[in-house]
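Coordinates from start_26.txt are shown below (compact mmCIF, C-alpha atoms).
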```
# COMPACT_ATOMS: atom_id res chain seq x y z
CA MET P 1 120.37 -42.05 67.52
CA LEU P 2 118.41 -43.46 64.66
CA MET P 3 120.36 -45.02 61.87
CA THR P 4 119.69 -43.90 58.33
CA GLY P 5 118.25 -46.28 55.77
CA PRO P 6 121.48 -47.38 54.08
CA GLU P 7 123.14 -47.93 57.46
CA LEU P 8 120.25 -50.12 58.54
CA LEU P 9 120.48 -52.19 55.42
CA ASN P 10 124.21 -52.59 55.90
CA SER P 11 123.63 -53.83 59.41
CA LEU P 12 121.17 -56.36 58.02
CA SER P 13 123.64 -57.67 55.51
CA LYS P 14 126.33 -57.88 58.24
CA LEU P 15 124.10 -59.72 60.68
CA PHE P 16 122.74 -62.15 58.13
CA GLY P 17 125.84 -62.25 55.98
CA PRO P 18 125.94 -65.91 55.04
CA LYS P 19 122.16 -66.16 54.71
CA ILE P 20 121.92 -63.42 52.13
CA HIS P 21 122.83 -64.52 48.65
CA GLY P 22 122.75 -61.29 46.83
CA GLN P 23 122.14 -57.62 47.33
CA THR P 24 121.20 -55.31 44.49
CA GLU P 25 120.45 -51.62 44.37
CA PHE P 26 118.09 -50.12 41.85
CA ARG P 27 117.01 -46.49 41.99
CA GLY P 28 117.60 -46.28 45.70
CA GLU P 29 115.76 -49.49 46.51
CA THR P 30 117.58 -52.44 47.99
CA THR P 31 116.82 -56.06 47.20
CA PHE P 32 118.08 -58.98 49.26
CA SER P 33 117.91 -62.57 48.05
CA ILE P 34 117.40 -64.94 50.95
CA GLU P 35 116.85 -68.63 51.57
CA ALA P 36 113.27 -69.79 51.98
CA ALA P 37 114.24 -71.46 55.28
CA ASP P 38 115.49 -68.15 56.72
CA LEU P 39 112.40 -66.17 55.81
CA ARG P 40 110.76 -65.89 59.20
CA GLU P 41 114.00 -65.07 61.00
CA VAL P 42 114.86 -62.34 58.53
CA ALA P 43 111.29 -61.02 58.48
CA LYS P 44 111.11 -60.72 62.26
CA PHE P 45 114.46 -58.97 62.35
CA CYS P 46 113.35 -56.55 59.64
CA ARG P 47 110.18 -55.69 61.50
CA ASP P 48 111.45 -55.55 65.09
CA GLU P 49 115.00 -54.28 64.75
CA LEU P 50 114.96 -52.39 61.46
CA SER P 51 111.48 -50.80 61.76
CA PHE P 52 110.07 -52.25 58.55
CA ASP P 53 106.58 -52.10 59.99
CA TYR P 54 104.67 -52.05 56.71
CA LEU P 55 104.38 -54.95 54.28
CA LEU P 56 103.36 -53.37 51.00
CA ASP P 57 102.86 -56.51 48.96
CA ILE P 58 103.80 -60.11 48.38
CA THR P 59 104.02 -61.36 44.82
CA SER P 60 105.05 -64.58 43.20
CA ILE P 61 106.80 -65.22 39.90
CA ASP P 62 106.65 -68.37 37.81
CA ASN P 63 109.97 -68.86 36.01
CA PHE P 64 108.60 -71.73 33.99
CA GLY P 65 111.35 -74.09 32.84
CA ASP P 66 113.90 -72.81 35.36
CA GLU P 67 114.90 -74.51 38.55
CA PRO P 68 113.90 -73.50 41.18
CA ARG P 69 110.71 -72.58 39.43
CA PHE P 70 108.96 -70.11 41.72
CA GLU P 71 110.09 -66.85 43.19
CA ILE P 72 108.36 -64.94 45.99
CA VAL P 73 108.95 -61.24 46.52
CA TYR P 74 108.22 -59.35 49.73
CA GLU P 75 107.96 -55.58 49.45
CA LEU P 76 108.71 -53.92 52.80
CA TYR P 77 108.53 -50.29 53.81
CA SER P 78 109.63 -48.48 56.93
CA MET P 79 107.24 -45.75 57.98
CA THR P 80 109.78 -44.19 60.33
CA LEU P 81 112.70 -44.12 57.89
CA ALA P 82 110.81 -43.92 54.58
CA VAL P 83 112.94 -46.73 53.14
CA HIS P 84 111.97 -49.59 50.86
CA LEU P 85 113.33 -53.09 51.19
CA ARG P 86 112.67 -56.01 48.91
CA LEU P 87 113.20 -59.63 49.96
CA LYS P 88 113.28 -62.34 47.32
CA LEU P 89 113.42 -66.08 47.69
CA ARG P 90 113.38 -68.95 45.22
CA LEU P 91 111.24 -72.03 45.65
CA SER P 92 111.28 -75.30 43.75
CA GLU P 93 108.04 -76.80 42.55
CA ASP P 94 108.71 -80.02 44.50
CA ILE P 95 108.75 -78.19 47.83
CA GLY P 96 105.99 -75.80 46.79
CA ALA P 97 105.56 -74.31 50.25
CA VAL P 98 107.09 -71.55 52.32
CA ASP P 99 106.54 -70.38 55.89
CA THR P 100 103.82 -67.83 56.46
CA VAL P 101 104.56 -64.29 57.61
CA SER P 102 100.92 -63.56 58.38
CA ASP P 103 101.63 -63.50 62.12
CA ILE P 104 104.45 -60.99 61.57
CA TRP P 105 102.52 -58.68 59.23
CA PRO P 106 98.76 -59.48 59.40
CA THR P 107 98.22 -58.06 55.93
CA ALA P 108 100.14 -61.05 54.57
CA ASN P 109 97.10 -63.21 55.31
CA TRP P 110 95.22 -62.26 52.15
CA HIS P 111 98.35 -61.80 50.03
CA GLU P 112 99.38 -65.37 50.79
CA ARG P 113 95.88 -66.62 50.06
CA GLU P 114 96.03 -64.90 46.69
CA ILE P 115 99.37 -66.50 45.86
CA TYR P 116 98.00 -69.88 46.90
CA ASP P 117 94.92 -69.31 44.73
CA MET P 118 96.72 -68.10 41.61
CA MET P 119 100.06 -69.94 41.78
CA GLY P 120 99.42 -72.96 43.99
CA ILE P 121 102.19 -72.21 46.48
CA LYS P 122 101.28 -73.26 50.00
CA PHE P 123 102.16 -71.33 53.17
CA ASN P 124 103.09 -73.37 56.22
CA GLY P 125 101.35 -72.17 59.36
CA HIS P 126 98.84 -69.93 57.58
CA PRO P 127 95.70 -69.72 59.76
CA ASP P 128 93.16 -69.80 56.89
CA LEU P 129 94.68 -70.97 53.63
CA ARG P 130 91.65 -70.95 51.34
CA ARG P 131 91.27 -69.64 47.81
CA ILE P 132 90.45 -65.95 47.76
CA LEU P 133 89.46 -65.11 44.16
CA MET P 134 88.40 -68.41 42.63
CA TRP P 135 86.00 -70.69 44.47
CA ASP P 136 86.94 -73.61 46.70
CA GLY P 137 87.16 -76.63 44.45
CA TYR P 138 88.36 -74.83 41.31
CA PRO P 139 90.91 -77.32 40.00
CA PHE P 140 93.56 -75.06 38.42
CA PHE P 141 96.09 -72.38 39.34
CA PRO P 142 95.47 -69.74 36.69
CA LEU P 143 98.63 -67.65 36.89
CA ARG P 144 100.98 -70.57 36.31
CA LYS P 145 102.62 -70.37 32.92
CA GLU P 146 101.30 -73.71 31.72
CA PHE P 147 97.72 -72.55 32.28
CA PRO P 148 96.34 -71.28 28.97
CA LEU P 149 95.08 -67.70 28.91
CA GLU P 150 91.76 -68.83 27.45
CA GLY P 151 91.21 -71.02 30.50
CA LEU P 152 90.23 -74.65 30.93
CA PRO P 153 86.74 -76.09 31.31
CA SER P 154 85.62 -77.07 34.78
CA GLU P 155 82.33 -77.83 36.47
CA MET P 156 81.19 -77.72 40.09
CA PRO P 157 77.43 -78.30 40.17
CA ASP P 158 75.53 -75.49 41.96
CA VAL P 159 78.76 -73.57 42.62
CA ALA P 160 80.38 -72.47 39.40
CA PHE P 161 81.58 -73.60 36.01
CA THR P 162 84.15 -72.37 33.53
CA LYS P 163 84.42 -72.66 29.79
CA VAL P 164 87.24 -72.09 27.32
CA THR P 165 87.13 -68.48 26.17
CA PRO P 166 87.28 -67.91 22.40
CA MET P 167 90.48 -65.93 21.90
CA GLU P 168 90.03 -65.55 18.13
CA GLY P 169 93.68 -64.68 17.67
CA GLY P 170 93.21 -61.81 20.04
CA PRO P 171 95.83 -59.79 21.85
CA PHE P 172 97.66 -60.47 25.09
CA VAL P 173 98.35 -64.12 24.32
CA THR P 174 101.31 -65.47 26.29
CA LYS P 175 103.18 -68.58 25.25
CA PRO P 176 104.83 -70.44 28.13
CA SER P 177 108.60 -70.41 27.73
CA THR P 178 111.66 -68.72 29.16
CA ALA P 179 112.07 -66.43 26.15
CA THR P 180 111.78 -62.69 26.59
CA ALA P 181 108.39 -61.08 26.93
CA LYS P 182 108.66 -59.75 23.38
CA ASP P 183 108.85 -63.29 21.99
CA ARG P 184 106.43 -64.83 24.46
CA GLU P 185 103.68 -62.26 23.99
CA PRO P 186 103.07 -61.51 20.35
CA ARG P 187 100.18 -59.12 19.82
CA ALA P 188 98.16 -61.91 18.28
CA HIS P 189 98.40 -65.50 17.15
CA PRO P 190 99.36 -65.62 13.48
CA ALA P 191 96.25 -65.98 11.37
CA LYS P 192 95.39 -69.60 10.64
CA LEU P 193 95.12 -70.08 6.90
CA MET Q 194 38.89 -60.02 35.33
CA ALA Q 195 38.80 -56.83 37.39
CA ASP Q 196 40.76 -58.55 40.14
CA PHE Q 197 43.31 -59.66 37.63
CA LEU Q 198 43.75 -56.13 36.39
CA LEU Q 199 44.02 -54.68 39.86
CA GLN Q 200 46.97 -56.91 40.54
CA ARG Q 201 48.94 -54.53 38.34
CA ARG Q 202 49.66 -51.49 40.36
CA ASN Q 203 49.86 -48.55 38.05
CA ALA Q 204 46.42 -47.97 36.74
CA ILE Q 205 42.83 -48.74 37.34
CA LEU Q 206 41.01 -49.39 34.16
CA VAL Q 207 37.29 -49.26 33.89
CA PHE Q 208 36.08 -51.93 31.54
CA ALA Q 209 32.62 -52.14 30.25
CA MET Q 210 31.08 -54.33 27.65
CA VAL Q 211 28.88 -52.70 25.04
CA GLU Q 212 25.86 -54.80 25.94
CA GLU Q 213 25.93 -53.71 29.59
CA ILE Q 214 25.55 -50.00 28.85
CA THR Q 215 21.81 -49.78 28.52
CA ALA Q 216 21.32 -46.08 28.99
CA TYR Q 217 23.22 -42.86 28.97
CA ASP Q 218 25.02 -42.37 32.26
CA SER Q 219 26.79 -39.06 32.80
CA LYS Q 220 28.88 -40.50 35.63
CA ILE Q 221 30.49 -43.06 33.35
CA GLU Q 222 30.77 -41.01 30.22
CA GLY Q 223 34.34 -39.92 29.58
CA ASN Q 224 35.73 -42.65 31.82
CA VAL Q 225 35.18 -45.56 29.48
CA ILE Q 226 37.97 -46.71 27.20
CA PHE Q 227 37.61 -49.43 24.62
CA THR Q 228 40.79 -51.31 23.93
CA GLN Q 229 42.25 -54.73 23.41
CA PHE Q 230 43.04 -56.52 26.61
CA ASP Q 231 46.66 -57.21 25.58
CA ALA Q 232 47.18 -53.55 24.68
CA ALA Q 233 45.91 -52.40 28.07
CA LEU Q 234 47.93 -55.01 29.95
CA ASN Q 235 51.11 -54.27 28.03
CA TRP Q 236 50.60 -50.54 28.53
CA VAL Q 237 50.43 -51.11 32.27
CA ARG Q 238 53.44 -53.37 32.26
CA LYS Q 239 55.78 -51.33 30.12
CA ASN Q 240 55.25 -48.10 32.04
CA SER Q 241 55.92 -49.67 35.40
CA LEU Q 242 59.04 -51.74 34.93
CA TRP Q 243 60.68 -52.26 38.29
CA PRO Q 244 64.37 -52.93 37.69
CA MET Q 245 66.53 -55.45 39.50
CA PRO Q 246 69.85 -53.59 39.52
CA MET Q 247 72.43 -56.33 38.96
CA GLY Q 248 75.40 -54.00 39.30
CA LEU Q 249 78.63 -55.93 38.94
CA ALA Q 250 81.16 -53.39 37.66
CA CYS Q 251 81.55 -49.83 36.40
CA CYS Q 252 78.32 -50.07 34.34
CA ALA Q 253 76.53 -49.90 37.67
CA ILE Q 254 77.87 -46.35 38.11
CA GLU Q 255 76.20 -45.36 34.84
CA LEU Q 256 73.08 -47.19 35.97
CA MET Q 257 73.07 -45.03 39.10
CA ALA Q 258 73.55 -41.93 36.96
CA THR Q 259 70.59 -43.05 34.85
CA ALA Q 260 68.49 -43.22 37.99
CA ALA Q 261 69.65 -39.86 39.28
CA SER Q 262 68.18 -36.45 38.54
CA ARG Q 263 69.98 -35.47 35.33
CA PHE Q 264 68.81 -38.49 33.34
CA ASP Q 265 65.91 -39.55 35.56
CA ILE Q 266 64.83 -43.06 34.66
CA SER Q 267 61.50 -42.34 36.37
CA ARG Q 268 60.42 -40.49 33.21
CA PHE Q 269 59.94 -44.02 31.85
CA GLY Q 270 58.38 -45.48 34.95
CA ALA Q 271 61.40 -47.56 35.87
CA GLU Q 272 62.66 -45.70 38.92
CA VAL Q 273 61.64 -48.26 41.50
CA MET Q 274 64.92 -50.16 41.87
CA ARG Q 275 64.25 -53.11 44.10
CA PHE Q 276 66.98 -55.11 45.75
CA SER Q 277 64.67 -58.05 46.19
CA PRO Q 278 64.14 -60.08 43.03
CA ARG Q 279 60.62 -60.94 44.20
CA GLN Q 280 59.49 -57.39 43.43
CA CYS Q 281 61.20 -56.92 40.07
CA ASP Q 282 60.22 -57.04 36.42
CA VAL Q 283 63.44 -56.38 34.56
CA MET Q 284 66.95 -57.41 35.49
CA ILE Q 285 69.57 -54.92 34.31
CA VAL Q 286 72.82 -56.88 34.21
CA ALA Q 287 75.28 -54.00 34.52
CA GLY Q 288 78.85 -55.21 34.47
CA THR Q 289 81.29 -58.05 34.13
CA VAL Q 290 79.80 -61.42 35.00
CA THR Q 291 82.56 -63.63 36.37
CA TYR Q 292 82.14 -67.37 36.52
CA LYS Q 293 82.15 -67.06 40.29
CA MET Q 294 79.10 -64.77 40.11
CA ALA Q 295 77.36 -66.39 37.14
CA LEU Q 296 75.16 -68.92 38.93
CA ALA Q 297 74.25 -66.34 41.58
CA VAL Q 298 72.95 -64.03 38.83
CA LYS Q 299 70.98 -66.91 37.38
CA ARG Q 300 69.52 -67.77 40.77
CA ILE Q 301 68.40 -64.18 41.31
CA TYR Q 302 66.81 -64.15 37.86
CA GLU Q 303 64.95 -67.35 38.67
CA GLN Q 304 63.60 -65.75 41.85
CA MET Q 305 61.96 -62.94 39.88
CA PRO Q 306 58.24 -63.46 39.22
CA GLU Q 307 56.92 -63.74 35.70
CA PRO Q 308 56.64 -61.80 33.48
CA LYS Q 309 60.30 -60.79 33.50
CA TRP Q 310 62.81 -59.33 31.12
CA VAL Q 311 66.58 -58.92 30.97
CA ILE Q 312 68.68 -56.01 29.73
CA ALA Q 313 72.36 -56.80 29.14
CA MET Q 314 74.00 -53.45 29.82
CA GLY Q 315 77.42 -52.88 28.29
CA ALA Q 316 80.03 -54.91 26.48
CA CYS Q 317 80.86 -57.25 29.37
CA ALA Q 318 77.33 -58.37 30.11
CA SER Q 319 76.63 -58.73 26.39
CA SER Q 320 79.74 -60.62 25.30
CA GLY Q 321 82.43 -60.67 27.98
CA GLY Q 322 83.73 -57.41 26.58
CA MET Q 323 87.45 -56.87 26.83
CA TYR Q 324 87.78 -59.74 29.30
CA ARG Q 325 88.80 -62.64 27.08
CA SER Q 326 89.71 -64.40 30.28
CA TYR Q 327 89.52 -67.72 32.08
CA ALA Q 328 87.47 -66.04 34.80
CA VAL Q 329 84.74 -64.20 32.87
CA LEU Q 330 81.50 -65.52 31.44
CA GLN Q 331 81.41 -64.51 27.77
CA GLY Q 332 77.99 -62.90 27.84
CA ILE Q 333 75.08 -63.32 30.25
CA ASP Q 334 72.99 -64.64 27.35
CA GLN Q 335 74.71 -67.98 27.93
CA LEU Q 336 72.60 -68.28 31.09
CA LEU Q 337 69.60 -65.93 30.76
CA PRO Q 338 67.24 -65.00 27.91
CA VAL Q 339 68.36 -61.44 27.12
CA ASP Q 340 65.76 -59.08 25.61
CA VAL Q 341 67.87 -56.00 24.94
CA TYR Q 342 71.63 -55.57 24.54
CA VAL Q 343 73.04 -52.12 25.21
CA SER Q 344 76.45 -51.46 23.65
CA GLY Q 345 79.11 -49.32 25.26
CA CYS Q 346 81.91 -49.61 27.77
CA PRO Q 347 80.18 -48.43 29.83
CA PRO Q 348 77.11 -47.18 27.93
CA ARG Q 349 76.09 -43.62 28.56
CA PRO Q 350 72.85 -43.18 30.50
CA GLU Q 351 71.07 -42.16 27.31
CA ALA Q 352 72.02 -45.51 25.79
CA LEU Q 353 70.53 -47.38 28.72
CA LEU Q 354 67.37 -45.29 28.47
CA GLU Q 355 67.15 -46.11 24.79
CA GLY Q 356 67.56 -49.77 25.68
CA LEU Q 357 64.73 -49.38 28.17
CA MET Q 358 62.54 -47.77 25.49
CA LYS Q 359 63.37 -50.62 23.12
CA LEU Q 360 62.25 -53.02 25.82
CA GLN Q 361 59.03 -51.02 26.24
CA ALA Q 362 58.42 -51.28 22.50
CA LYS Q 363 59.02 -55.00 22.69
CA ILE Q 364 56.61 -55.38 25.60
CA SER Q 365 53.84 -53.47 23.83
CA GLY Q 366 53.97 -56.01 21.02
CA GLU Q 367 53.73 -59.06 23.25
CA LYS Q 368 50.78 -61.44 23.28
CA SER Q 369 50.55 -61.13 27.05
CA LEU Q 370 47.25 -62.76 27.81
CA ALA Q 371 47.20 -65.27 25.01
CA GLY Q 372 50.72 -66.34 25.83
CA GLN Q 373 50.54 -66.49 29.58
CA LYS Q 374 46.93 -67.08 30.61
CA PRO Q 375 45.35 -69.15 27.84
CA GLU Q 376 42.59 -70.40 30.14
CA LEU Q 377 41.55 -66.82 30.92
CA THR Q 378 41.43 -65.94 27.23
CA GLU Q 379 39.13 -68.88 26.63
CA LYS Q 380 36.82 -67.77 29.44
CA ILE Q 381 36.58 -64.26 28.02
CA GLU Q 382 35.89 -65.56 24.55
CA GLU Q 383 33.18 -67.84 25.94
CA ALA Q 384 31.62 -64.92 27.81
CA LEU Q 385 31.68 -62.77 24.70
CA ALA Q 386 30.14 -65.57 22.59
CA THR Q 387 27.12 -66.04 24.86
```
Just give me the structure as structure tokens.
Amino acid sequence: MLMTGPELLNSLSKLFGPKIHGQTEFRGETTFSIEAADLREVAKFCRDELSFDYLLDITSIDNFGDEPRFEIVYELYSMTLAVHLRLKLRLSEDIGAVDTVSDIWPTANWHEREIYDMMGIKFNGHPDLRRILMWDGYPFFPLRKEFPLEGLPSEMPDVAFTKVTPMEGGPFVTKPSTATAKDREPRAHPAKL
Amino acid sequence: MADFLLQRRNAILVFAMVEEITAYDSKIEGNVIFTQFDAALNWVRKNSLWPMPMGLACCAIELMATAASRFDISRFGAEVMRFSPRQCDVMIVAGTVTYKMALAVKRIYEQMPEPKWVIAMGACASSGGMYRSYAVLQGIDQLLPVDVYVSGCPPRPEALLEGLMKLQAKISGEKSLAGQKPELTEKIEEALAT
């Protein structure tokens, strides 16, 4: 007999008890916090034993100023049970790498390339870890908090260049800090008098 | 000179100099037009602009609508969209030019034969538009000489057609021969002087 979604998730937390730091529920979706070292073991178990056959997305978060700095989120879905599962892990900037899951869910290949491109986190064992949006040789990781929204100048002859964009006090300016979004993202820079 | 004219594809002009018409000829009468060479050349050019559709974002959808039946860009002689820059006269930059794409756009422009023009279609191609971003070139005019800017996000097909008509007006005022083939102008002037 097939287990229902909550039962499955309970079995996961029982089996991996010590490896799971926290479990939260929000609007019927379960989130597990795991260790980066346990990722592949947990991921394989989720796919093979718990029928989470669909990796919806992988995202990364830059908690600038916190330690560990980075956070990676795996959004899983089970087609057979119609259940969501979210795996989170924290990653310090010094380590800056986590094992790939691209052999477990092939769709992770491009998601991990995107995270590498935008955030600079490497994926051990990835078969083709190149940039996916910016060009090979672009020197920055644009979604890191210390990267200014207006960009930084760069130059690769015959490939591409970038310039600093004039923001002109415009909207959507984020200041790197750990303050709340309301304080970090004022609608505009105050006018310079 | 006749060969030079025939290189342009849209019209065959019969040119005759006053001195050469010695007698009334009913076969020629009605087929002779007197005009300035630049006016004739510009007339040929502006009514046969072959666009290079540089579609990079949603503006390209409006560009396609402009080419389709309701708006019908062929009313202005610009329906022959070529995907080879070698066969194009006007590059319509329709969309957001990212830095990753920027030098490719420039390379395609450089592959177009002279004379050539550029229409910056929409806010992004004109100025970067809403993308005040590390990844977006803030206007294609940083790389190419733009002749006409079309505002809008995206512009309606009528706006693009108006931009095209503005370009046609600009072309009809150009010093085509004097500017581009000075040696030919001199030859004609010499021939007329003798």
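For the pair atom CA of Leu370 of chain Q and atom CA of Ser277 of chain Q, the interatomic distance is 25.8 Å.
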Chain Q residues near chain P (10 Å cut-off, all atoms listed in the file) as a PyMOL selection string: chain Q and resi 291-297+300+321+324-331
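Taking atom CA of Asn240 of chain Q and atom CA of Glu303 of chain Q as the two end points, the separation is 22.6 Å.
Atom to atom, atom CA of Arg40 of chain P and atom CA of Ile104 of chain P stand 8.3 Å apart.
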Pick from Q:Asp231, Q:Glu307, Q:Glu255, Q:Asp334, whichever lies nearest to Val290 of chain Q using all atoms listed in the file: Q:Asp334
Residues within 10 Å of (104.2, -71.8, 30.6), counting all atoms listed in the file, listed as a PyMOL selection string: chain P and resi 62-65+143-148+174-178+184
Long-range neighbours of Pro106 of chain P as a ChimeraX atom specification, 10 Å cut-off, all atoms listed in the file, 5 positions minimum in chain: /P:54-55,101,111
Selection: 12 Å around segment 17-26 of chain P, only C-alpha atoms, excl. self and same-chain fewer than 5 positions, as a PyMOL selection string: chain P and resi 6+9-12+31-39+41-42+84-90
Selection: 8 Å around Leu129 of chain P, only C-alpha atoms, excl. self and same-chain fewer than 6 positions, as a PDB file with C-alpha atoms, keeping the file's coordinate frame:
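Saved to part.pdb:
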```
ATOM      1  CA  GLU P 112      99.380 -65.370  50.790  1.00  0.00           C
ATOM      2  CA  ARG P 113      95.880 -66.620  50.060  1.00  0.00           C
ATOM      3  CA  TYR P 116      98.000 -69.880  46.900  1.00  0.00           C
ATOM      4  CA  LYS P 122     101.280 -73.260  50.000  1.00  0.00           C
ATOM      5  CA  PHE P 123     102.160 -71.330  53.170  1.00  0.00           C
TER       6      PHE P 123
END
```
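Closest approach to Ser51 of chain P from the set P:Leu81, P:Thr180, P:Pro68, P:Arg131 is made by P:Leu81, with distances taken over all atoms listed in the file.
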Pick from Q:Lys239, Q:Arg275, Q:Arg263, Q:Arg349, whichever lies nearest to Met314 of chain Q using all atoms listed in the file: Q:Arg349
Please identify all polymer residues within 12 Å of Ala371 of chain Q, counting all atoms listed in the file, omitting same-chain residues fewer than 3 positions from it, and present them as a PDB file with C-alpha atoms, keeping the file's coordinate frame.
```pdb
ATOM      1  CA  GLN Q 229      42.250 -54.730  23.410  1.00  0.00           C
ATOM      2  CA  PHE Q 230      43.040 -56.520  26.610  1.00  0.00           C
ATOM      3  CA  ASP Q 231      46.660 -57.210  25.580  1.00  0.00           C
ATOM      4  CA  ALA Q 232      47.180 -53.550  24.680  1.00  0.00           C
ATOM      5  CA  LEU Q 234      47.930 -55.010  29.950  1.00  0.00           C
ATOM      6  CA  GLU Q 367      53.730 -59.060  23.250  1.00  0.00           C
ATOM      7  CA  LYS Q 368      50.780 -61.440  23.280  1.00  0.00           C
ATOM      8  CA  LYS Q 374      46.930 -67.080  30.610  1.00  0.00           C
ATOM      9  CA  PRO Q 375      45.350 -69.150  27.840  1.00  0.00           C
ATOM     10  CA  GLU Q 376      42.590 -70.400  30.140  1.00  0.00           C
ATOM     11  CA  LEU Q 377      41.550 -66.820  30.920  1.00  0.00           C
ATOM     12  CA  THR Q 378      41.430 -65.940  27.230  1.00  0.00           C
ATOM     13  CA  GLU Q 379      39.130 -68.880  26.630  1.00  0.00           C
ATOM     14  CA  LYS Q 380      36.820 -67.770  29.440  1.00  0.00           C
ATOM     15  CA  ILE Q 381      36.580 -64.260  28.020  1.00  0.00           C
ATOM     16  CA  GLU Q 382      35.890 -65.560  24.550  1.00  0.00           C
TER      17      GLU Q 382
END
```
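The nearest approach to Leu353 of chain Q among the residues Q:Thr259, Q:Ser365, Q:Gln335, Q:Thr387, with all atoms listed in the file taken into account, belongs to Q:Thr259.
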Long-range neighbours of Ile132 of chain P as a PyMOL selection string, 8 Å cut-off, all atoms listed in the file, 4 positions minimum in chain: chain P and resi 110+113-114+117
Generate the coordinates of N, CA and C atoms for segment 144-162 of chain P; report them as a tab-separated table (two decimals), in the frame of the given file.
```tsv
chain	number	residue	atom	x	y	z
P	144	ARG	N	99.83	-69.77	36.71
P	144	ARG	CA	100.98	-70.57	36.31
P	144	ARG	C	101.12	-70.51	34.79
P	145	LYS	N	102.38	-70.58	34.35
P	145	LYS	CA	102.62	-70.37	32.92
P	145	LYS	C	101.99	-71.45	32.06
P	146	GLU	N	101.84	-72.67	32.58
P	146	GLU	CA	101.30	-73.71	31.72
P	146	GLU	C	99.78	-73.61	31.59
P	147	PHE	N	99.17	-72.73	32.37
P	147	PHE	CA	97.72	-72.55	32.28
P	147	PHE	C	97.41	-71.64	31.09
P	148	PRO	N	96.59	-72.11	30.16
P	148	PRO	CA	96.34	-71.28	28.97
P	148	PRO	C	95.51	-70.05	29.31
P	149	LEU	N	95.78	-68.96	28.62
P	149	LEU	CA	95.08	-67.70	28.91
P	149	LEU	C	93.57	-67.85	28.70
P	150	GLU	N	93.19	-68.67	27.72
P	150	GLU	CA	91.76	-68.83	27.45
P	150	GLU	C	91.07	-69.71	28.47
P	151	GLY	N	91.82	-70.26	29.43
P	151	GLY	CA	91.21	-71.02	30.50
P	151	GLY	C	91.00	-72.48	30.14
P	152	LEU	N	90.53	-73.23	31.11
P	152	LEU	CA	90.23	-74.65	30.93
P	152	LEU	C	88.82	-74.90	31.45
P	153	PRO	N	88.10	-75.83	30.84
P	153	PRO	CA	86.74	-76.09	31.31
P	153	PRO	C	86.75	-76.78	32.67
P	154	SER	N	85.80	-76.40	33.50
P	154	SER	CA	85.62	-77.07	34.78
P	154	SER	C	84.15	-76.97	35.15
P	155	GLU	N	83.76	-77.78	36.11
P	155	GLU	CA	82.33	-77.83	36.47
P	155	GLU	C	82.22	-78.21	37.94
P	156	MET	N	81.57	-77.36	38.72
P	156	MET	CA	81.19	-77.72	40.09
P	156	MET	C	79.70	-77.47	40.19
P	157	PRO	N	78.88	-78.52	40.19
P	157	PRO	CA	77.43	-78.30	40.17
P	157	PRO	C	76.98	-77.40	41.33
P	158	ASP	N	76.12	-76.44	41.01
P	158	ASP	CA	75.53	-75.49	41.96
P	158	ASP	C	76.54	-74.50	42.54
P	159	VAL	N	77.79	-74.55	42.12
P	159	VAL	CA	78.76	-73.57	42.62
P	159	VAL	C	79.22	-72.68	41.48
P	160	ALA	N	79.88	-73.27	40.52
P	160	ALA	CA	80.38	-72.47	39.40
P	160	ALA	C	80.86	-73.42	38.31
P	161	PHE	N	81.01	-72.86	37.14
P	161	PHE	CA	81.58	-73.60	36.01
P	161	PHE	C	82.50	-72.65	35.27
P	162	THR	N	83.38	-73.20	34.45
P	162	THR	CA	84.15	-72.37	33.53
P	162	THR	C	84.14	-73.02	32.17
```
